[in-house]
Amino acid sequence: MRHNTIIIKILLLVICSSANAQSTIENVLAQINKNNKTILATAQYYHAQNLEFKTGLNPSNPTAEYDFLRGSPANAGNQHDFAITQQFDFPSAYIKRVQLAKTQIAKSEYEIISNRQDILLEAKKVCIALVYHNKLQAQLTQQKQNFEKLLASFQTKLDTGDGNILDVNKAKLQLVQIKKKFQENVSAISELNIKLAELNGGTEILFTDTVYFSPTSIPDFAQLESDYENADPLLKMLQQQKLISKKQLELSKSLWLPKMELGYHYQGILGQTYSGFHTGISVPLWENKNTVKQKKSQLLYSESQLIAHTNEHYFHIKHIFERYTNLKITLQEYQTIFGTLNNTTLLNKALALGEITTMQYLMEINFYTEAQSDFIQTEKEYHETIAELYKYLL
């Protein structure tokens, strides 16, 4: 019942003027950015991870020890030993740890941005698909009304003896096919609105726009590619990962330097007491074996990833831009043609005047409506490519 109610609302609103639409694409994306559960969870996850990066930057905890040793025989006296010690890494290790934490935190910020852009691009494509289906619904509604009038006209002629049953049957069959497409499109609109609600954290958004909102002009490829790369969070993540690998290498080298231990030591035995400073040194002979080699290999891997991404991303953007360029040419040709055509009205007049047969009418009207459908499909694909080219702005 609830599902049917949503469909009825959509049908009533789709045929309205786009000026009465309740949500623009920009408004929808703003809501999803605020309400999407994955975006919120990701931000919380990286907040917790950043706190983890900030742990372990200080020296280890101090150690306090107390020993009570009972003497034997009884007149040997008892011994008391007390010591408190603190171990330190070589000072440069603490500096490297802080630097490493900062680079890790910076990377997590770009990971949040990348995750948000993926979700908002998905949402934007859903909105673009909804604009397409809303426009298609208006087109199908017009076709449906046209054939309902045509069928009524054929039926009247048949009833008065001026028509034939074949024309009536052809019109009925065509109307059934249009109604089938109409209902399929209603289902598609309903599913897309449900997807928007999912992306919006479970809150419904009734999106009824029939107008796309995109930049009036796209810069040339060189400028666009440069703008994209300068803002691309994936590229910045890999740059930060390279820096992280470099800092990890520097830290591993610092950990090869000796560790120091300082403290206070007290000893009491046979009525005499001894106290003074405690010092020690730990020489890293085995603990960090192969660590530096592993970090060097990791740095080389990070550098290779960065180079591979830069190359791959360049051709990915180039592919999308070329697709955009070709779609733009096709779309402009469609707009020029359909800006001067009104074939449905002309065909209806020609059929009424007997200038064409019913079969000719059906062939021509089907050709015209298929061309209309291709036109709005091309328009949809065109705006999808623009959305991908401007993903870095989301």
# chains A, B, ... in the order shown; residues from 1 in each chain; ligands from 1
>>> select_by_dssp(residues="segment 155-347 of chain A", states="alpha helix (DSSP H)", output="PDB file with C-alpha atoms, in the first residue's frame")
ATOM      1  CA  GLN A 155     -13.995   3.867 -32.708  1.00  0.00           C
ATOM      2  CA  THR A 156     -16.411   6.728 -33.550  1.00  0.00           C
ATOM      3  CA  LYS A 157     -15.774   6.239 -37.270  1.00  0.00           C
ATOM      4  CA  LEU A 158     -16.327   2.499 -36.900  1.00  0.00           C
ATOM      5  CA  ASP A 159     -19.580   3.078 -35.045  1.00  0.00           C
ATOM      6  CA  THR A 160     -20.820   5.443 -37.795  1.00  0.00           C
ATOM      7  CA  ILE A 165     -11.964  -2.625 -37.289  1.00  0.00           C
ATOM      8  CA  LEU A 166      -8.334  -3.006 -38.413  1.00  0.00           C
ATOM      9  CA  ASP A 167      -7.556   0.649 -37.612  1.00  0.00           C
ATOM     10  CA  VAL A 168      -9.231   0.259 -34.225  1.00  0.00           C
ATOM     11  CA  ASN A 169      -7.191  -2.856 -33.436  1.00  0.00           C
ATOM     12  CA  LYS A 170      -3.922  -1.205 -34.542  1.00  0.00           C
ATOM     13  CA  ALA A 171      -4.613   1.772 -32.302  1.00  0.00           C
ATOM     14  CA  LYS A 172      -5.502  -0.519 -29.375  1.00  0.00           C
ATOM     15  CA  LEU A 173      -2.293  -2.510 -29.808  1.00  0.00           C
ATOM     16  CA  GLN A 174      -0.193   0.623 -30.009  1.00  0.00           C
ATOM     17  CA  LEU A 175      -1.884   2.017 -26.901  1.00  0.00           C
ATOM     18  CA  VAL A 176      -1.182  -1.188 -24.967  1.00  0.00           C
ATOM     19  CA  GLN A 177       2.504  -0.945 -25.866  1.00  0.00           C
ATOM     20  CA  ILE A 178       2.648   2.692 -24.748  1.00  0.00           C
ATOM     21  CA  LYS A 179       0.902   1.842 -21.459  1.00  0.00           C
ATOM     22  CA  LYS A 180       3.454  -0.933 -20.890  1.00  0.00           C
ATOM     23  CA  LYS A 181       6.336   1.527 -21.330  1.00  0.00           C
ATOM     24  CA  PHE A 182       4.453   3.993 -19.143  1.00  0.00           C
ATOM     25  CA  GLN A 183       4.145   1.522 -16.255  1.00  0.00           C
ATOM     26  CA  GLU A 184       7.757   0.379 -16.627  1.00  0.00           C
ATOM     27  CA  ASN A 185       8.870   3.991 -16.395  1.00  0.00           C
ATOM     28  CA  VAL A 186       6.702   4.529 -13.311  1.00  0.00           C
ATOM     29  CA  SER A 187       8.460   1.571 -11.672  1.00  0.00           C
ATOM     30  CA  ALA A 188      11.871   2.955 -12.638  1.00  0.00           C
ATOM     31  CA  ILE A 189      11.013   6.333 -11.081  1.00  0.00           C
ATOM     32  CA  SER A 190       9.818   4.617  -7.916  1.00  0.00           C
ATOM     33  CA  GLU A 191      13.002   2.528  -7.630  1.00  0.00           C
ATOM     34  CA  LEU A 192      15.238   5.560  -8.175  1.00  0.00           C
ATOM     35  CA  ASN A 193      13.399   7.540  -5.493  1.00  0.00           C
ATOM     36  CA  ILE A 194      13.797   4.599  -3.118  1.00  0.00           C
ATOM     37  CA  LYS A 195      17.532   4.585  -3.928  1.00  0.00           C
ATOM     38  CA  LEU A 196      17.670   8.315  -3.112  1.00  0.00           C
ATOM     39  CA  ALA A 197      15.992   7.626   0.217  1.00  0.00           C
ATOM     40  CA  GLU A 198      18.599   4.944   0.949  1.00  0.00           C
ATOM     41  CA  LEU A 199      21.435   7.341   0.111  1.00  0.00           C
ATOM     42  CA  PHE A 221      40.967  19.129 -21.743  1.00  0.00           C
ATOM     43  CA  ALA A 222      44.353  20.441 -20.575  1.00  0.00           C
ATOM     44  CA  GLN A 223      42.758  22.861 -18.106  1.00  0.00           C
ATOM     45  CA  LEU A 224      40.183  20.335 -16.909  1.00  0.00           C
ATOM     46  CA  GLU A 225      42.791  17.619 -16.401  1.00  0.00           C
ATOM     47  CA  SER A 226      44.999  20.032 -14.482  1.00  0.00           C
ATOM     48  CA  ASP A 227      42.108  21.174 -12.252  1.00  0.00           C
ATOM     49  CA  TYR A 228      41.061  17.574 -11.637  1.00  0.00           C
ATOM     50  CA  GLU A 229      44.563  16.406 -10.710  1.00  0.00           C
ATOM     51  CA  ASN A 230      45.145  19.370  -8.402  1.00  0.00           C
ATOM     52  CA  ALA A 231      42.019  18.512  -6.414  1.00  0.00           C
ATOM     53  CA  PRO A 233      41.778  13.164  -3.322  1.00  0.00           C
ATOM     54  CA  LEU A 234      42.964   9.787  -4.665  1.00  0.00           C
ATOM     55  CA  LEU A 235      46.107  11.410  -6.007  1.00  0.00           C
ATOM     56  CA  LYS A 236      46.634  13.247  -2.736  1.00  0.00           C
ATOM     57  CA  MET A 237      46.111   9.997  -0.810  1.00  0.00           C
ATOM     58  CA  LEU A 238      48.843   8.313  -2.825  1.00  0.00           C
ATOM     59  CA  GLN A 239      51.129  11.317  -2.379  1.00  0.00           C
ATOM     60  CA  GLN A 240      50.529  11.125   1.359  1.00  0.00           C
ATOM     61  CA  GLN A 241      51.104   7.367   1.311  1.00  0.00           C
ATOM     62  CA  LYS A 242      54.459   7.976  -0.344  1.00  0.00           C
ATOM     63  CA  LEU A 243      55.279  10.508   2.369  1.00  0.00           C
ATOM     64  CA  ILE A 244      54.100   8.056   5.045  1.00  0.00           C
ATOM     65  CA  SER A 245      56.407   5.378   3.631  1.00  0.00           C
ATOM     66  CA  LYS A 246      59.264   7.864   3.673  1.00  0.00           C
ATOM     67  CA  LYS A 247      58.579   8.791   7.313  1.00  0.00           C
ATOM     68  CA  GLN A 248      58.296   5.113   8.273  1.00  0.00           C
ATOM     69  CA  LEU A 249      61.693   4.516   6.691  1.00  0.00           C
ATOM     70  CA  GLU A 250      63.189   7.415   8.641  1.00  0.00           C
ATOM     71  CA  LEU A 251      61.593   6.127  11.846  1.00  0.00           C
ATOM     72  CA  SER A 252      62.910   2.616  11.304  1.00  0.00           C
ATOM     73  CA  LYS A 253      66.426   4.048  10.897  1.00  0.00           C
ATOM     74  CA  SER A 254      66.006   6.019  14.132  1.00  0.00           C
ATOM     75  CA  THR A 291      62.972  -3.462   9.096  1.00  0.00           C
ATOM     76  CA  VAL A 292      64.840  -0.814   7.113  1.00  0.00           C
ATOM     77  CA  LYS A 293      64.936  -3.030   4.012  1.00  0.00           C
ATOM     78  CA  GLN A 294      61.190  -3.627   4.284  1.00  0.00           C
ATOM     79  CA  LYS A 295      60.459   0.091   4.592  1.00  0.00           C
ATOM     80  CA  LYS A 296      62.647   0.845   1.569  1.00  0.00           C
ATOM     81  CA  SER A 297      60.683  -1.683  -0.489  1.00  0.00           C
ATOM     82  CA  GLN A 298      57.431  -0.182   0.750  1.00  0.00           C
ATOM     83  CA  LEU A 299      58.591   3.295  -0.314  1.00  0.00           C
ATOM     84  CA  LEU A 300      59.405   2.022  -3.820  1.00  0.00           C
ATOM     85  CA  TYR A 301      55.943   0.431  -4.001  1.00  0.00           C
ATOM     86  CA  SER A 302      54.276   3.708  -2.960  1.00  0.00           C
ATOM     87  CA  GLU A 303      56.203   5.597  -5.626  1.00  0.00           C
ATOM     88  CA  SER A 304      55.158   3.052  -8.268  1.00  0.00           C
ATOM     89  CA  GLN A 305      51.509   3.324  -7.205  1.00  0.00           C
ATOM     90  CA  LEU A 306      51.638   7.106  -7.528  1.00  0.00           C
ATOM     91  CA  ILE A 307      53.136   6.951 -11.024  1.00  0.00           C
ATOM     92  CA  ALA A 308      50.637   4.287 -12.140  1.00  0.00           C
ATOM     93  CA  HIS A 309      47.664   6.276 -10.818  1.00  0.00           C
ATOM     94  CA  THR A 310      48.804   9.495 -12.484  1.00  0.00           C
ATOM     95  CA  ASN A 311      49.128   7.720 -15.833  1.00  0.00           C
ATOM     96  CA  GLU A 312      45.880   5.770 -15.497  1.00  0.00           C
ATOM     97  CA  HIS A 313      43.921   8.760 -14.281  1.00  0.00           C
ATOM     98  CA  TYR A 314      45.092  10.928 -17.178  1.00  0.00           C
ATOM     99  CA  PHE A 315      43.730   8.481 -19.749  1.00  0.00           C
ATOM    100  CA  HIS A 316      40.563   7.891 -17.723  1.00  0.00           C
ATOM    101  CA  ILE A 317      39.768  11.613 -17.775  1.00  0.00           C
ATOM    102  CA  LYS A 318      40.731  11.799 -21.455  1.00  0.00           C
ATOM    103  CA  HIS A 319      38.314   8.967 -22.257  1.00  0.00           C
ATOM    104  CA  ILE A 320      35.453  10.683 -20.430  1.00  0.00           C
ATOM    105  CA  PHE A 321      36.265  14.030 -22.036  1.00  0.00           C
ATOM    106  CA  GLU A 322      36.233  12.538 -25.547  1.00  0.00           C
ATOM    107  CA  ARG A 323      32.919  10.843 -24.796  1.00  0.00           C
ATOM    108  CA  TYR A 324      31.589  14.203 -23.562  1.00  0.00           C
ATOM    109  CA  THR A 325      32.786  15.917 -26.760  1.00  0.00           C
ATOM    110  CA  ASN A 326      31.081  13.356 -29.019  1.00  0.00           C
ATOM    111  CA  LEU A 327      27.847  13.411 -27.024  1.00  0.00           C
ATOM    112  CA  LYS A 328      27.829  17.200 -27.131  1.00  0.00           C
ATOM    113  CA  ILE A 329      27.945  17.168 -30.950  1.00  0.00           C
ATOM    114  CA  THR A 330      25.141  14.603 -31.160  1.00  0.00           C
ATOM    115  CA  LEU A 331      23.028  16.454 -28.597  1.00  0.00           C
ATOM    116  CA  GLN A 332      23.364  19.758 -30.430  1.00  0.00           C
ATOM    117  CA  GLU A 333      22.209  18.096 -33.651  1.00  0.00           C
ATOM    118  CA  TYR A 334      19.177  16.636 -31.862  1.00  0.00           C
ATOM    119  CA  GLN A 335      18.364  20.011 -30.289  1.00  0.00           C
ATOM    120  CA  THR A 336      18.546  21.740 -33.673  1.00  0.00           C
ATOM    121  CA  ILE A 337      16.210  19.231 -35.297  1.00  0.00           C
ATOM    122  CA  PHE A 338      13.668  18.903 -32.503  1.00  0.00           C
ATOM    123  CA  ASN A 343       5.618  15.834 -36.174  1.00  0.00           C
ATOM    124  CA  THR A 344       2.823  14.559 -33.951  1.00  0.00           C
ATOM    125  CA  THR A 345       0.561  17.505 -34.814  1.00  0.00           C
ATOM    126  CA  LEU A 346       1.433  17.288 -38.531  1.00  0.00           C
ATOM    127  CA  LEU A 347       0.852  13.541 -38.657  1.00  0.00           C
TER     128      LEU A 347
END
>>> residues_around(residues="Ala30 of chain A", least_positions_apart="4", cutoff="12 Å", atoms="only C-alpha atoms", output="list in words")
Ser23, Thr24, Ile25, Glu26, Lys34, Asn35, Asn36, Arg116, Ile119, Leu120, Ala123, Lys124, Leu199, Asn200, Ile205 and Leu394 of chain A
>>> closest_residue(among="A:Ala41, A:Ala93, A:Ala138, A:Ile386", to="Pro258 of chain A", atoms="only C-alpha atoms")
A:Ala93
>>> residues_around(residues="Lys135 of chain A", least_positions_apart="2", cutoff="10 Å", atoms="only C-alpha atoms", output="MDAnalysis selection string")
chainID A and resid 14:15 18 129:133 137:141 208:211 373 376
>>> write_last_selection(atoms="C-alpha atoms", output="short mmCIF file (atom, residue, chain, number, x, y, z; two decimals), in the first residue's frame")
data_model
loop_
_atom_site.label_atom_id
_atom_site.label_comp_id
_atom_site.auth_asym_id
_atom_site.auth_seq_id
_atom_site.Cartn_x
_atom_site.Cartn_y
_atom_site.Cartn_z
CA VAL A 14 5.98 14.39 -12.77
CA ILE A 15 3.52 16.05 -15.15
CA SER A 18 9.77 21.79 -13.53
CA ALA A 129 18.50 9.22 -14.16
CA LEU A 130 15.40 10.60 -12.44
CA VAL A 131 15.42 13.71 -14.62
CA TYR A 132 15.63 11.42 -17.65
CA HIS A 133 12.76 9.21 -16.48
CA GLN A 137 7.23 10.09 -18.37
CA ALA A 138 6.01 13.40 -19.74
CA GLN A 139 6.71 12.14 -23.27
CA LEU A 140 4.90 8.84 -22.65
CA THR A 141 1.98 10.68 -21.08
CA THR A 208 10.54 15.55 -9.75
CA ASP A 209 12.91 17.76 -11.72
CA THR A 210 12.86 17.63 -15.52
CA VAL A 211 15.78 20.04 -15.92
CA SER A 373 13.61 8.74 -26.83
CA ILE A 376 16.60 12.35 -24.15
#
>>> residues_around(residues="Ala350 of chain A", least_positions_apart="6", cutoff="9 Å", atoms="only C-alpha atoms", output="list of chain:residue names")
A:Ile356, A:Thr357, A:Tyr361
>>> closest_residue(among="A:Gln117, A:Thr340, A:Gly354, A:Ser275", to="Glu388 of chain A", atoms="only C-alpha atoms")
A:Gln117
>>> residues_around(residues="Gln87 of chain A", least_positions_apart="6", cutoff="9 Å", atoms="only C-alpha atoms", output="PyMOL selection string")
chain A and resi 59-63+259-263+280-281
